[in-house]
Each structure stands twice: as C-alpha cells, then as structure tokens.
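What follows is structure27.cif (mmCIF, C-alpha atoms, pLDDT in the B column; chains and numbers go by the auth columns).
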data_entry
#
loop_
_atom_site.group_PDB
_atom_site.id
_atom_site.type_symbol
_atom_site.label_atom_id
_atom_site.label_comp_id
_atom_site.label_asym_id
_atom_site.label_seq_id
_atom_site.Cartn_x
_atom_site.Cartn_y
_atom_site.Cartn_z
_atom_site.B_iso_or_equiv
_atom_site.auth_seq_id
_atom_site.auth_asym_id
ATOM 1 C CA MET A 1 0.000 0.000 0.000 34.00 203 A
ATOM 2 C CA ALA A 2 2.876 2.342 0.884 38.00 204 A
ATOM 3 C CA THR A 3 4.478 1.826 -2.533 39.00 205 A
ATOM 4 C CA THR A 4 1.231 2.717 -4.311 37.00 206 A
ATOM 5 C CA GLN A 5 0.848 5.909 -2.300 36.00 207 A
ATOM 6 C CA LYS A 6 4.450 6.857 -3.032 37.00 208 A
ATOM 7 C CA ASN A 7 3.911 6.404 -6.782 37.00 209 A
ATOM 8 C CA VAL A 8 0.787 8.551 -6.669 34.00 210 A
ATOM 9 C CA VAL A 9 2.682 11.336 -4.931 33.00 211 A
ATOM 10 C CA GLU A 10 5.587 11.079 -7.370 43.00 212 A
ATOM 11 C CA THR A 11 3.203 11.186 -10.323 45.00 213 A
ATOM 12 C CA LYS A 12 1.389 14.268 -9.044 50.00 214 A
ATOM 13 C CA ASP A 13 4.637 16.080 -8.269 75.00 215 A
ATOM 14 C CA LEU A 14 6.099 15.663 -11.759 82.00 216 A
ATOM 15 C CA THR A 15 6.579 18.839 -13.733 90.00 217 A
ATOM 16 C CA VAL A 16 5.603 18.918 -17.413 91.00 218 A
ATOM 17 C CA GLU A 17 9.274 18.620 -18.358 91.00 219 A
ATOM 18 C CA GLU A 18 9.683 15.574 -16.102 91.00 220 A
ATOM 19 C CA LYS A 19 6.576 14.023 -17.646 92.00 221 A
ATOM 20 C CA LEU A 20 8.008 14.594 -21.121 92.00 222 A
ATOM 21 C CA ARG A 21 11.329 13.073 -20.104 92.00 223 A
ATOM 22 C CA ALA A 22 9.560 10.045 -18.557 93.00 224 A
ATOM 23 C CA LEU A 23 7.496 9.577 -21.712 94.00 225 A
ATOM 24 C CA TYR A 24 10.583 9.907 -23.905 93.00 226 A
ATOM 25 C CA ARG A 25 12.489 7.356 -21.813 93.00 227 A
ATOM 26 C CA LEU A 26 9.517 4.984 -21.883 95.00 228 A
ATOM 27 C CA GLN A 27 9.301 5.340 -25.652 94.00 229 A
ATOM 28 C CA LYS A 28 13.014 4.616 -25.978 93.00 230 A
ATOM 29 C CA VAL A 29 12.761 1.483 -23.800 95.00 231 A
ATOM 30 C CA LEU A 30 9.685 0.187 -25.645 95.00 232 A
ATOM 31 C CA THR A 31 11.394 0.799 -28.999 92.00 233 A
ATOM 32 C CA SER A 32 14.342 -1.321 -27.802 92.00 234 A
ATOM 33 C CA ILE A 33 11.889 -4.083 -26.844 92.00 235 A
ATOM 34 C CA ASP A 34 10.269 -3.802 -30.282 91.00 236 A
ATOM 35 C CA LYS A 35 13.663 -4.194 -31.953 89.00 237 A
ATOM 36 C CA ILE A 36 14.390 -7.343 -29.950 88.00 238 A
ATOM 37 C CA ARG A 37 11.057 -8.823 -30.994 85.00 239 A
ATOM 38 C CA VAL A 38 11.623 -7.849 -34.614 84.00 240 A
ATOM 39 C CA THR A 39 14.769 -9.999 -34.593 81.00 241 A
ATOM 40 C CA ARG A 40 12.452 -12.976 -34.148 81.00 242 A
ATOM 41 C CA GLY A 41 11.000 -12.066 -37.513 81.00 243 A
ATOM 42 C CA GLU A 42 8.045 -14.101 -38.711 85.00 244 A
ATOM 43 C CA LEU A 43 8.974 -17.102 -36.549 89.00 245 A
ATOM 44 C CA PRO A 44 6.241 -16.600 -33.895 90.00 246 A
ATOM 45 C CA LEU A 45 3.614 -16.343 -36.655 90.00 247 A
ATOM 46 C CA GLU A 46 5.070 -19.344 -38.469 93.00 248 A
ATOM 47 C CA VAL A 47 4.955 -21.371 -35.246 94.00 249 A
ATOM 48 C CA GLN A 48 1.339 -20.309 -34.669 94.00 250 A
ATOM 49 C CA ASP A 49 0.388 -21.178 -38.264 96.00 251 A
ATOM 50 C CA LEU A 50 1.979 -24.620 -37.930 96.00 252 A
ATOM 51 C CA GLU A 51 0.203 -25.250 -34.621 97.00 253 A
ATOM 52 C CA ASP A 52 -3.111 -24.255 -36.215 97.00 254 A
ATOM 53 C CA GLU A 53 -2.447 -26.488 -39.231 97.00 255 A
ATOM 54 C CA ILE A 54 -1.546 -29.427 -36.975 97.00 256 A
ATOM 55 C CA ALA A 55 -4.748 -28.938 -34.984 97.00 257 A
ATOM 56 C CA GLY A 56 -6.707 -28.851 -38.264 97.00 258 A
ATOM 57 C CA LEU A 57 -5.056 -32.066 -39.503 97.00 259 A
ATOM 58 C CA GLN A 58 -5.756 -33.817 -36.198 97.00 260 A
ATOM 59 C CA THR A 59 -9.421 -32.794 -36.447 97.00 261 A
ATOM 60 C CA ARG A 60 -9.500 -34.028 -40.055 97.00 262 A
ATOM 61 C CA ILE A 61 -8.020 -37.412 -39.074 97.00 263 A
ATOM 62 C CA LEU A 62 -10.489 -37.740 -36.195 97.00 264 A
ATOM 63 C CA LYS A 63 -13.388 -36.991 -38.557 97.00 265 A
ATOM 64 C CA CYS A 64 -12.090 -39.571 -41.051 97.00 266 A
ATOM 65 C CA ASN A 65 -11.953 -42.183 -38.281 97.00 267 A
ATOM 66 C CA ASN A 66 -15.520 -41.362 -37.216 97.00 268 A
ATOM 67 C CA ASP A 67 -16.750 -41.514 -40.813 97.00 269 A
ATOM 68 C CA ILE A 68 -15.027 -44.867 -41.394 97.00 270 A
ATOM 69 C CA LYS A 69 -16.529 -46.211 -38.162 97.00 271 A
ATOM 70 C CA ASN A 70 -20.034 -45.008 -39.110 97.00 272 A
ATOM 71 C CA ASN A 71 -19.729 -46.511 -42.615 97.00 273 A
ATOM 72 C CA ASN A 72 -18.602 -49.858 -41.206 97.00 274 A
ATOM 73 C CA GLN A 73 -21.603 -49.839 -38.875 97.00 275 A
ATOM 74 C CA GLU A 74 -23.871 -49.021 -41.824 96.00 276 A
ATOM 75 C CA ILE A 75 -22.377 -51.886 -43.873 96.00 277 A
ATOM 76 C CA ALA A 76 -22.904 -54.322 -40.980 97.00 278 A
ATOM 77 C CA ALA A 77 -26.534 -53.197 -40.538 96.00 279 A
ATOM 78 C CA ASN A 78 -27.233 -53.465 -44.274 96.00 280 A
ATOM 79 C CA LYS A 79 -25.690 -56.951 -44.464 96.00 281 A
ATOM 80 C CA ILE A 80 -28.145 -58.028 -41.788 95.00 282 A
ATOM 81 C CA LYS A 81 -31.005 -56.535 -43.835 94.00 283 A
ATOM 82 C CA MET A 82 -29.748 -58.323 -46.953 94.00 284 A
ATOM 83 C CA HIS A 83 -29.524 -61.638 -45.075 95.00 285 A
ATOM 84 C CA ASP A 84 -33.062 -61.197 -43.742 95.00 286 A
ATOM 85 C CA ALA A 85 -34.338 -60.435 -47.260 94.00 287 A
ATOM 86 C CA GLN A 86 -32.630 -63.536 -48.669 94.00 288 A
ATOM 87 C CA GLU A 87 -34.187 -65.676 -45.959 94.00 289 A
ATOM 88 C CA MET A 88 -37.580 -64.173 -46.712 94.00 290 A
ATOM 89 C CA ILE A 89 -37.179 -64.958 -50.432 93.00 291 A
ATOM 90 C CA ALA A 90 -36.275 -68.565 -49.589 94.00 292 A
ATOM 91 C CA LYS A 91 -39.355 -68.911 -47.368 92.00 293 A
ATOM 92 C CA LYS A 92 -41.658 -67.371 -49.954 91.00 294 A
ATOM 93 C CA GLU A 93 -40.272 -69.582 -52.736 90.00 295 A
ATOM 94 C CA GLU A 94 -40.910 -72.602 -50.551 90.00 296 A
ATOM 95 C CA ALA A 95 -44.413 -71.365 -49.748 89.00 297 A
ATOM 96 C CA SER A 96 -45.147 -70.859 -53.455 88.00 298 A
ATOM 97 C CA GLN A 97 -45.043 -74.605 -53.911 87.00 299 A
ATOM 98 C CA ASN A 98 -48.106 -75.045 -51.714 85.00 300 A
ATOM 99 C CA VAL A 99 -50.495 -72.265 -52.724 82.00 301 A
ATOM 100 C CA ALA A 100 -54.212 -72.868 -52.929 83.00 302 A
ATOM 101 C CA ASN A 101 -54.963 -70.445 -55.760 88.00 303 A
ATOM 102 C CA ASN A 102 -53.469 -67.925 -58.200 89.00 304 A
ATOM 103 C CA ARG A 103 -54.209 -65.011 -55.901 90.00 305 A
ATOM 104 C CA GLU A 104 -51.957 -66.388 -53.186 89.00 306 A
ATOM 105 C CA TYR A 105 -49.304 -67.234 -55.770 90.00 307 A
ATOM 106 C CA ASP A 106 -49.310 -63.660 -57.173 91.00 308 A
ATOM 107 C CA ALA A 107 -49.036 -62.234 -53.668 92.00 309 A
ATOM 108 C CA ILE A 108 -46.009 -64.427 -52.979 91.00 310 A
ATOM 109 C CA LEU A 109 -44.379 -63.401 -56.260 92.00 311 A
ATOM 110 C CA LYS A 110 -44.880 -59.710 -55.409 94.00 312 A
ATOM 111 C CA GLU A 111 -43.282 -60.233 -52.001 93.00 313 A
ATOM 112 C CA ILE A 112 -40.318 -62.028 -53.570 93.00 314 A
ATOM 113 C CA GLU A 113 -39.902 -59.192 -56.090 94.00 315 A
ATOM 114 C CA TYR A 114 -40.023 -56.626 -53.298 94.00 316 A
ATOM 115 C CA GLN A 115 -37.342 -58.461 -51.315 93.00 317 A
ATOM 116 C CA LYS A 116 -35.117 -58.678 -54.409 94.00 318 A
ATOM 117 C CA LEU A 117 -35.454 -54.917 -54.907 95.00 319 A
ATOM 118 C CA GLU A 118 -34.625 -54.442 -51.233 95.00 320 A
ATOM 119 C CA ILE A 119 -31.485 -56.532 -51.693 95.00 321 A
ATOM 120 C CA GLN A 120 -30.443 -54.430 -54.697 96.00 322 A
ATOM 121 C CA TYR A 121 -30.994 -51.239 -52.705 95.00 323 A
ATOM 122 C CA VAL A 122 -29.020 -52.581 -49.742 95.00 324 A
ATOM 123 C CA GLU A 123 -26.180 -53.770 -51.988 96.00 325 A
ATOM 124 C CA LYS A 124 -25.973 -50.280 -53.484 96.00 326 A
ATOM 125 C CA LYS A 125 -25.784 -48.745 -50.009 96.00 327 A
ATOM 126 C CA ILE A 126 -23.055 -51.219 -49.021 96.00 328 A
ATOM 127 C CA GLN A 127 -21.088 -50.366 -52.161 97.00 329 A
ATOM 128 C CA ASN A 128 -21.431 -46.609 -51.499 97.00 330 A
ATOM 129 C CA ALA A 129 -20.299 -47.066 -47.893 96.00 331 A
ATOM 130 C CA THR A 130 -17.355 -49.210 -49.065 96.00 332 A
ATOM 131 C CA ASN A 131 -16.333 -46.514 -51.564 97.00 333 A
ATOM 132 C CA GLU A 132 -16.661 -43.899 -48.821 97.00 334 A
ATOM 133 C CA ILE A 133 -14.424 -45.943 -46.525 97.00 335 A
ATOM 134 C CA SER A 134 -11.817 -46.209 -49.283 97.00 336 A
ATOM 135 C CA ALA A 135 -11.883 -42.435 -49.903 97.00 337 A
ATOM 136 C CA LYS A 136 -11.782 -41.593 -46.184 96.00 338 A
ATOM 137 C CA THR A 137 -8.935 -44.059 -45.599 97.00 339 A
ATOM 138 C CA GLN A 138 -6.902 -42.412 -48.361 97.00 340 A
ATOM 139 C CA ASP A 139 -7.728 -38.951 -47.017 97.00 341 A
ATOM 140 C CA LYS A 140 -6.711 -40.062 -43.528 97.00 342 A
ATOM 141 C CA GLU A 141 -3.396 -41.527 -44.731 97.00 343 A
ATOM 142 C CA GLU A 142 -2.553 -38.324 -46.623 97.00 344 A
ATOM 143 C CA ALA A 143 -3.427 -36.235 -43.549 97.00 345 A
ATOM 144 C CA GLU A 144 -1.269 -38.460 -41.308 97.00 346 A
ATOM 145 C CA ILE A 145 1.722 -38.068 -43.648 97.00 347 A
ATOM 146 C CA LYS A 146 1.259 -34.299 -43.722 97.00 348 A
ATOM 147 C CA LEU A 147 0.762 -34.235 -39.931 97.00 349 A
ATOM 148 C CA ASP A 148 4.103 -36.000 -39.373 97.00 350 A
ATOM 149 C CA GLU A 149 5.822 -33.513 -41.712 97.00 351 A
ATOM 150 C CA ARG A 150 4.241 -30.503 -39.987 96.00 352 A
ATOM 151 C CA LYS A 151 5.224 -31.806 -36.543 97.00 353 A
ATOM 152 C CA ILE A 152 8.853 -32.006 -37.675 96.00 354 A
ATOM 153 C CA ASP A 153 8.610 -28.471 -39.147 96.00 355 A
ATOM 154 C CA LEU A 154 7.095 -27.191 -35.893 96.00 356 A
ATOM 155 C CA GLU A 155 9.830 -28.805 -33.828 96.00 357 A
ATOM 156 C CA HIS A 156 12.521 -27.097 -35.934 95.00 358 A
ATOM 157 C CA LYS A 157 10.756 -23.700 -35.907 94.00 359 A
ATOM 158 C CA LYS A 158 10.223 -23.850 -32.142 94.00 360 A
ATOM 159 C CA ALA A 159 13.859 -24.736 -31.569 94.00 361 A
ATOM 160 C CA GLU A 160 14.934 -21.826 -33.765 89.00 362 A
ATOM 161 C CA LEU A 161 12.553 -19.427 -32.015 90.00 363 A
ATOM 162 C CA ASN A 162 13.548 -20.602 -28.531 91.00 364 A
ATOM 163 C CA GLU A 163 17.211 -20.109 -29.402 88.00 365 A
ATOM 164 C CA ILE A 164 16.564 -16.488 -30.425 85.00 366 A
ATOM 165 C CA ILE A 165 14.359 -15.866 -27.366 86.00 367 A
ATOM 166 C CA GLU A 166 17.009 -17.321 -25.074 86.00 368 A
ATOM 167 C CA GLU A 167 19.684 -15.068 -26.575 83.00 369 A
ATOM 168 C CA THR A 168 17.621 -11.927 -25.879 86.00 370 A
ATOM 169 C CA ARG A 169 15.700 -13.039 -22.775 87.00 371 A
ATOM 170 C CA THR A 170 17.886 -11.273 -20.182 88.00 372 A
ATOM 171 C CA GLU A 171 17.968 -7.986 -22.072 91.00 373 A
ATOM 172 C CA GLU A 172 14.227 -8.095 -22.779 90.00 374 A
ATOM 173 C CA GLU A 173 13.346 -8.840 -19.143 92.00 375 A
ATOM 174 C CA LYS A 174 15.551 -5.958 -18.012 94.00 376 A
ATOM 175 C CA LEU A 175 13.869 -3.569 -20.460 95.00 377 A
ATOM 176 C CA ILE A 176 10.357 -4.760 -19.501 94.00 378 A
ATOM 177 C CA LYS A 177 11.170 -4.113 -15.847 95.00 379 A
ATOM 178 C CA GLU A 178 12.495 -0.658 -16.707 93.00 380 A
ATOM 179 C CA ALA A 179 9.345 0.092 -18.750 95.00 381 A
ATOM 180 C CA LYS A 180 7.104 -0.876 -15.805 94.00 382 A
ATOM 181 C CA GLU A 181 9.078 1.375 -13.475 93.00 383 A
ATOM 182 C CA LEU A 182 8.659 4.300 -15.866 94.00 384 A
ATOM 183 C CA GLU A 183 4.942 3.590 -16.311 94.00 385 A
ATOM 184 C CA SER A 184 4.487 3.651 -12.534 92.00 386 A
ATOM 185 C CA VAL A 185 5.523 7.331 -12.321 91.00 387 A
ATOM 186 C CA ILE A 186 3.429 8.540 -15.280 92.00 388 A
ATOM 187 C CA GLU A 187 -0.121 9.581 -14.478 91.00 389 A
ATOM 188 C CA GLU A 188 -2.733 7.109 -15.695 92.00 390 A
ATOM 189 C CA ARG A 189 -4.519 9.503 -18.077 92.00 391 A
ATOM 190 C CA LEU A 190 -1.274 10.391 -19.826 92.00 392 A
ATOM 191 C CA LEU A 191 -0.118 6.762 -19.937 94.00 393 A
ATOM 192 C CA ILE A 192 -3.407 5.658 -21.530 94.00 394 A
ATOM 193 C CA ALA A 193 -3.065 8.380 -24.165 93.00 395 A
ATOM 194 C CA PHE A 194 0.552 7.356 -24.811 95.00 396 A
ATOM 195 C CA LYS A 195 -0.395 3.702 -25.298 94.00 397 A
ATOM 196 C CA ARG A 196 -3.280 4.621 -27.592 94.00 398 A
ATOM 197 C CA ILE A 197 -1.022 6.772 -29.788 93.00 399 A
ATOM 198 C CA ARG A 198 1.655 4.073 -29.845 92.00 400 A
ATOM 199 C CA LYS A 199 -0.875 1.406 -30.824 91.00 401 A
ATOM 200 C CA ASN A 200 -2.146 3.476 -33.752 89.00 402 A
ATOM 201 C CA ALA A 201 1.316 4.536 -34.923 88.00 403 A
ATOM 202 C CA ARG A 202 2.687 2.401 -37.759 81.00 404 A
ATOM 203 C CA ASN A 203 6.211 2.305 -36.269 87.00 405 A
ATOM 204 C CA GLY A 204 5.133 2.235 -32.624 91.00 406 A
ATOM 205 C CA LEU A 205 6.426 5.755 -31.960 93.00 407 A
ATOM 206 C CA ALA A 206 4.191 7.787 -29.653 94.00 408 A
ATOM 207 C CA VAL A 207 6.872 10.316 -28.633 94.00 409 A
ATOM 208 C CA VAL A 208 9.049 11.941 -31.292 94.00 410 A
ATOM 209 C CA THR A 209 11.443 14.857 -31.481 92.00 411 A
ATOM 210 C CA VAL A 210 11.267 17.897 -33.702 91.00 412 A
ATOM 211 C CA ASP A 211 13.728 17.261 -36.512 88.00 413 A
ATOM 212 C CA ARG A 212 14.550 20.005 -39.052 89.00 414 A
ATOM 213 C CA ASN A 213 11.458 21.964 -38.050 91.00 415 A
ATOM 214 C CA ALA A 214 9.216 18.939 -38.697 94.00 416 A
ATOM 215 C CA CYS A 215 7.498 16.195 -36.716 92.00 417 A
ATOM 216 C CA GLY A 216 9.824 13.220 -36.337 91.00 418 A
ATOM 217 C CA GLY A 217 6.886 10.895 -36.890 91.00 419 A
ATOM 218 C CA CYS A 218 4.944 12.163 -39.898 92.00 420 A
ATOM 219 C CA PHE A 219 7.523 14.753 -41.102 93.00 421 A
ATOM 220 C CA ASN A 220 4.968 17.555 -41.441 94.00 422 A
ATOM 221 C CA LYS A 221 6.305 21.067 -40.795 95.00 423 A
ATOM 222 C CA ILE A 222 5.730 22.554 -37.355 93.00 424 A
ATOM 223 C CA PRO A 223 5.045 26.321 -37.097 93.00 425 A
ATOM 224 C CA PRO A 224 7.810 28.377 -35.368 93.00 426 A
ATOM 225 C CA GLN A 225 5.551 29.440 -32.461 93.00 427 A
ATOM 226 C CA ARG A 226 4.614 25.815 -31.795 92.00 428 A
ATOM 227 C CA GLN A 227 8.306 24.859 -31.871 91.00 429 A
ATOM 228 C CA LEU A 228 8.984 27.546 -29.294 92.00 430 A
ATOM 229 C CA ASP A 229 6.191 26.164 -27.059 92.00 431 A
ATOM 230 C CA ILE A 230 7.733 22.695 -27.354 92.00 432 A
ATOM 231 C CA LYS A 231 11.156 24.027 -26.308 91.00 433 A
ATOM 232 C CA MET A 232 9.607 25.801 -23.316 92.00 434 A
ATOM 233 C CA ARG A 233 8.381 22.435 -21.964 90.00 435 A
ATOM 234 C CA LYS A 234 5.477 24.081 -20.156 90.00 436 A
ATOM 235 C CA LYS A 235 2.766 21.858 -21.617 91.00 437 A
ATOM 236 C CA ILE A 236 2.451 18.591 -23.485 92.00 438 A
ATOM 237 C CA ILE A 237 2.056 19.292 -27.196 93.00 439 A
ATOM 238 C CA VAL A 238 0.998 16.802 -29.847 93.00 440 A
ATOM 239 C CA CYS A 239 1.461 16.937 -33.609 93.00 441 A
ATOM 240 C CA GLU A 240 -1.691 18.343 -35.193 92.00 442 A
ATOM 241 C CA TYR A 241 -1.265 15.938 -38.130 92.00 443 A
ATOM 242 C CA CYS A 242 -0.421 12.541 -36.582 92.00 444 A
ATOM 243 C CA GLY A 243 -1.217 13.079 -32.891 93.00 445 A
ATOM 244 C CA ARG A 244 2.227 12.046 -31.611 94.00 446 A
ATOM 245 C CA ILE A 245 3.661 13.702 -28.501 94.00 447 A
ATOM 246 C CA LEU A 246 6.417 16.170 -29.449 94.00 448 A
ATOM 247 C CA VAL A 247 9.637 16.890 -27.535 92.00 449 A
ATOM 248 C CA ASP A 248 12.508 19.148 -28.547 89.00 450 A
ATOM 249 C CA ASP A 249 15.751 17.616 -29.751 83.00 451 A
ATOM 250 C CA ALA A 250 17.568 19.005 -26.702 83.00 452 A
ATOM 251 C CA ILE A 251 15.813 16.386 -24.556 82.00 453 A
ATOM 252 C CA LEU A 252 17.067 13.716 -26.934 75.00 454 A
ATOM 253 C CA ASN A 253 20.648 14.969 -26.640 75.00 455 A
ATOM 254 C CA GLU A 254 20.456 15.331 -22.863 74.00 456 A
ATOM 255 C CA GLU A 255 19.004 11.815 -22.443 69.00 457 A
ATOM 256 C CA GLU A 256 21.644 10.352 -24.751 69.00 458 A
ATOM 257 C CA THR A 257 24.372 12.027 -22.682 63.00 459 A
ATOM 258 C CA LYS A 258 22.870 10.606 -19.469 65.00 460 A
ATOM 259 C CA THR A 259 22.768 7.154 -21.033 59.00 461 A
ATOM 260 C CA GLU A 260 26.412 7.329 -22.041 55.00 462 A
ATOM 261 C CA GLU A 261 27.401 8.496 -18.571 54.00 463 A
#

Take the structure I supplied and represent it as structure tokens, if you would.
Amino acid sequence: MATTQKNVVETKDLTVEEKLRALYRLQKVLTSIDKIRVTRGELPLEVQDLEDEIAGLQTRILKCNNDIKNNNQEIAANKIKMHDAQEMIAKKEEASQNVANNREYDAILKEIEYQKLEIQYVEKKIQNATNEISAKTQDKEEAEIKLDERKIDLEHKKAELNEIIEETRTEEEKLIKEAKELESVIEERLLIAFKRIRKNARNGLAVVTVDRNACGGCFNKIPPQRQLDIKMRKKIIVCEYCGRILVDDAILNEEETKTEE
C-alpha cells in the first residue's frame, strides 16, 4: 500500500518537463523491446500457423476415423437386412409350392420381387459405404503423412525461435522491468493516451522529437511558435497531423548524454 501511495505522490509532483522526459524514456525502452522482438521475424507467426495447421489435420483425421466407423456400422446393418431379405425370399419360394390359388401365388411373387429390390438397394448402399471408406482411408493416410511432416517443421521452428528468445531473454526482461518502473511514475490519463497513440502509430512511436522543423513521426512542418512552445516544456504538445507527442531535440541529446554516462 505504501508503494502505491508513493507512486501517486511522485506522479502528481512531476513537472511537465519531467513528464516529457519520462514519456521519452519509456518510448526509448519500448522501442528497444520492439527491436528485440523484430529480430524474431516471422517465426512466432510461423509457429502459430503450424500449430493451427496441426490442430486442423488432427481434427480431419479424427473426422475420417468417425466416418469410417459409421460406414462400417452401416455396412454391418445393411448386411443383416440383406440376409433377412434372402431368408424371406427362400421362405416365400418354398411357400409358393403349396399355394391354394393364383391369388396367393401372385401375392407371394410380389413379395419375392419386393425383397429382391430391397437386396439391390441394400447392396448399393453397401457399395457406397465401401467406396466412402476407401476415400476416407486415403484422405486419412494423406493427412497423417502431412501431420508428421508438420510436426517435424514445428519442432525445428520452435527450436529456432527458442534459441533467439534465449539469446535476448535477459535484455528483454531488463527492459520490460524498466518500462514498468517508468509507467508507474506517469499519471494514468497520460499513460493511456501514450499507449493509444503508440498502438495506432505504424512504427510504434508515440513520442518523437522535432527534426529540421518537422514532426519526427509524420515529417509535417511545425510552425515556429509551436516549436517555441515545445522548447519551453510548459505543456504537453501533440502533432496536429499525426497526434504524436512532441519533444525538442535538446531532450534527446540530454538523455543520450545521461545514457552514455
């Protein structure tokens, strides 16, 4: 609780110049973090894409297995139907030998014809299910081959990414800690605005210096009076074109000197 109160007091006591310096330092630290993460290139995205593809292939294989199982069950059920129909035909053919009149005989013939049609229908369904099993088995085998390949690719990409992360881990952790310390002394309203500007900026720069009478972010010219206000450091001024927070180049030079010392 004491630490929180201390931070609140420090934040309230900051002058505009101190706020600008804190924002500039925070920007510098976050830019260094960005550069570290850029060195990882597209690897994190490639790893994510491979993980997504592997999950998709596993789902595809699972679906193939379920489809094969369902088709086998359908074949088994239809074979039972076909067997029952064949038994019925045999019974009716036997019964046809002992009919009392033509009416009974015709009825038996119709029943036999119906059962033969049923057998043809069932055989067609069995053939379709067999063809489906063949197609799904091939699809499954192709997916399994691709899955094995993608797992090997993922293993290599992860190893490559972990190697890069390990090389920069200490420096990144140090910078993240420094960024949090700087954020703790910047008032919440200003910090929220800073993060919003940084998020919308293409290069992640929310705080820029005035360079050759122009905004260091969008390079639009800044009027002389506005440049004078920036140098006075009496209020926080943003670029009227891109919305970035502006600081004079003297702050940059002074902060660079402090860093070197």

- [ ] Name the closest residue to Leu430 of chain A among the candidates A:Thr372, A:Gln250, A:Asn415, A:Asn304; distances are taken between atoms, counting all atoms listed in the file.
- [x] A:Asn415

Task: Radius query 9 Å about (-5.3, -29.7, -47.0), atoms used: only C-alpha atoms, as a ChimeraX atom specification - done: /A:255,258-259,345,348

TODO: Return the single residue from A:Leu225, A:Ile321, A:Leu247, A:Leu264 that is closest to Leu384 of chain A, with distances computed using only C-alpha atoms.
DONE: A:Leu225

- [ ] Quick one: everything within 9 Å of Ala297 of chain A, counting all atoms listed in the file, minus sequence neighbours fewer than 5 positions away in the same chain. Send it as a ChimeraX atom specification.
- [x] /A:292,307,310

- [ ] Could you give me, as a PyMOL selection string, the residues within 12 Å of Asp355 of chain A, counting all atoms listed in the file and dropping anything in the same chain fewer than 3 positions from it?
- [x] chain A and resi 245+248-253+255-256+348-352+358-362

Task: Straight-line distance linking atom CA of Val440 of chain A with atom CA of Val410 of chain A, stated in Å to one decimal - done: 9.5 Å

Task: Given only C-alpha atoms as the counted atoms, nearest of A:Glu368, A:Leu393, A:Glu344, A:Val449 to Ile263 of chain A - done: A:Glu344

TODO: Identify all residues satisfying the PyMOL selection byres ((chain A and resi 397) around 12) in the given file; provide them as an MDAnalysis selection string.
DONE: chainID A and resid 225 228:229 232 385 388 390:396 398:403 406:409 446:447

Pull the neighbourhood of (8.7, -2.7, -35.2) for me: all residues within 9 Å in file coordinates, counting all atoms listed in the file, as a PDB file with C-alpha atoms, in the coordinates of the input.
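The result, stored in selection29.pdb:
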ATOM      1  CA  THR A 233      11.394   0.799 -28.999  1.00 92.00           C
ATOM      2  CA  ASP A 236      10.269  -3.802 -30.282  1.00 91.00           C
ATOM      3  CA  LYS A 237      13.663  -4.194 -31.953  1.00 89.00           C
ATOM      4  CA  ARG A 239      11.057  -8.823 -30.994  1.00 85.00           C
ATOM      5  CA  VAL A 240      11.623  -7.849 -34.614  1.00 84.00           C
ATOM      6  CA  ARG A 404       2.687   2.401 -37.759  1.00 81.00           C
ATOM      7  CA  ASN A 405       6.211   2.305 -36.269  1.00 87.00           C
ATOM      8  CA  GLY A 406       5.133   2.235 -32.624  1.00 91.00           C
TER       9      GLY A 406
END

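Across the model, the gap from atom CA of Thr411 of chain A to atom CA of Leu377 of chain A is 21.6 Å.
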
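The spacing separating atom CA of Glu313 of chain A from atom CA of Asp286 of chain A amounts to 13.2 Å.
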
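Candidate residues A:Lys294, A:Ser386, A:Cys420, A:Ile453 were compared for distance to Lys433 of chain A, and the nearest is A:Ile453, using all atoms listed in the file.
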
- [ ] Might you pull out every residue within 7 Å of segment 328-332 of chain A, with all atoms listed in the file counted and same-chain residues fewer than 4 positions away left off, and present them as a VMD selection string?
- [x] chain A and resid 273 277 280 324 336

Open item on the list: My list of candidates is A:Ala279, A:Val387, A:Ala452, A:Cys417. Which is closest to Met434 of chain A when distances are computed with all atoms listed in the file?
Closed with: A:Ala452

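Shortest atom-to-atom contact with Leu363 of chain A among A:Glu244, A:Thr217, A:Ile438, A:Glu315: A:Glu244, counting all atoms listed in the file.
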
As a PDB file, in the coordinates of the input, could you write out segment 419-428 of chain A once it has been completed with N, CA, C and O atoms?
ATOM      1  N   GLY A 419       7.710  12.053 -36.578  1.00 91.00           N
ATOM      2  CA  GLY A 419       6.886  10.895 -36.890  1.00 91.00           C
ATOM      3  C   GLY A 419       6.287  10.941 -38.272  1.00 91.00           C
ATOM      4  O   GLY A 419       6.428  10.005 -39.051  1.00 91.00           O
ATOM      5  N   CYS A 420       5.613  12.062 -38.587  1.00 92.00           N
ATOM      6  CA  CYS A 420       4.944  12.163 -39.898  1.00 92.00           C
ATOM      7  C   CYS A 420       5.653  13.135 -40.843  1.00 92.00           C
ATOM      8  O   CYS A 420       5.269  13.251 -42.009  1.00 92.00           O
ATOM      9  N   PHE A 421       6.668  13.859 -40.303  1.00 93.00           N
ATOM     10  CA  PHE A 421       7.523  14.753 -41.102  1.00 93.00           C
ATOM     11  C   PHE A 421       6.786  15.986 -41.652  1.00 93.00           C
ATOM     12  O   PHE A 421       7.254  16.616 -42.595  1.00 93.00           O
ATOM     13  N   ASN A 422       5.649  16.313 -41.069  1.00 94.00           N
ATOM     14  CA  ASN A 422       4.968  17.555 -41.441  1.00 94.00           C
ATOM     15  C   ASN A 422       5.620  18.725 -40.707  1.00 94.00           C
ATOM     16  O   ASN A 422       6.059  18.594 -39.558  1.00 94.00           O
ATOM     17  N   LYS A 423       5.668  19.882 -41.369  1.00 95.00           N
ATOM     18  CA  LYS A 423       6.305  21.067 -40.795  1.00 95.00           C
ATOM     19  C   LYS A 423       5.545  21.560 -39.563  1.00 95.00           C
ATOM     20  O   LYS A 423       4.318  21.504 -39.517  1.00 95.00           O
ATOM     21  N   ILE A 424       6.313  22.023 -38.583  1.00 93.00           N
ATOM     22  CA  ILE A 424       5.730  22.554 -37.355  1.00 93.00           C
ATOM     23  C   ILE A 424       5.959  24.061 -37.332  1.00 93.00           C
ATOM     24  O   ILE A 424       7.102  24.521 -37.509  1.00 93.00           O
ATOM     25  N   PRO A 425       4.899  24.859 -37.117  1.00 93.00           N
ATOM     26  CA  PRO A 425       5.045  26.321 -37.097  1.00 93.00           C
ATOM     27  C   PRO A 425       6.058  26.769 -36.038  1.00 93.00           C
ATOM     28  O   PRO A 425       6.192  26.127 -34.987  1.00 93.00           O
ATOM     29  N   PRO A 426       6.780  27.878 -36.299  1.00 93.00           N
ATOM     30  CA  PRO A 426       7.810  28.377 -35.368  1.00 93.00           C
ATOM     31  C   PRO A 426       7.293  28.593 -33.946  1.00 93.00           C
ATOM     32  O   PRO A 426       7.990  28.250 -32.978  1.00 93.00           O
ATOM     33  N   GLN A 427       6.089  29.182 -33.793  1.00 93.00           N
ATOM     34  CA  GLN A 427       5.551  29.440 -32.461  1.00 93.00           C
ATOM     35  C   GLN A 427       5.334  28.137 -31.698  1.00 93.00           C
ATOM     36  O   GLN A 427       5.607  28.039 -30.503  1.00 93.00           O
ATOM     37  N   ARG A 428       4.854  27.121 -32.424  1.00 92.00           N
ATOM     38  CA  ARG A 428       4.614  25.815 -31.795  1.00 92.00           C
ATOM     39  C   ARG A 428       5.945  25.172 -31.393  1.00 92.00           C
ATOM     40  O   ARG A 428       6.042  24.529 -30.353  1.00 92.00           O
TER      41      ARG A 428
END
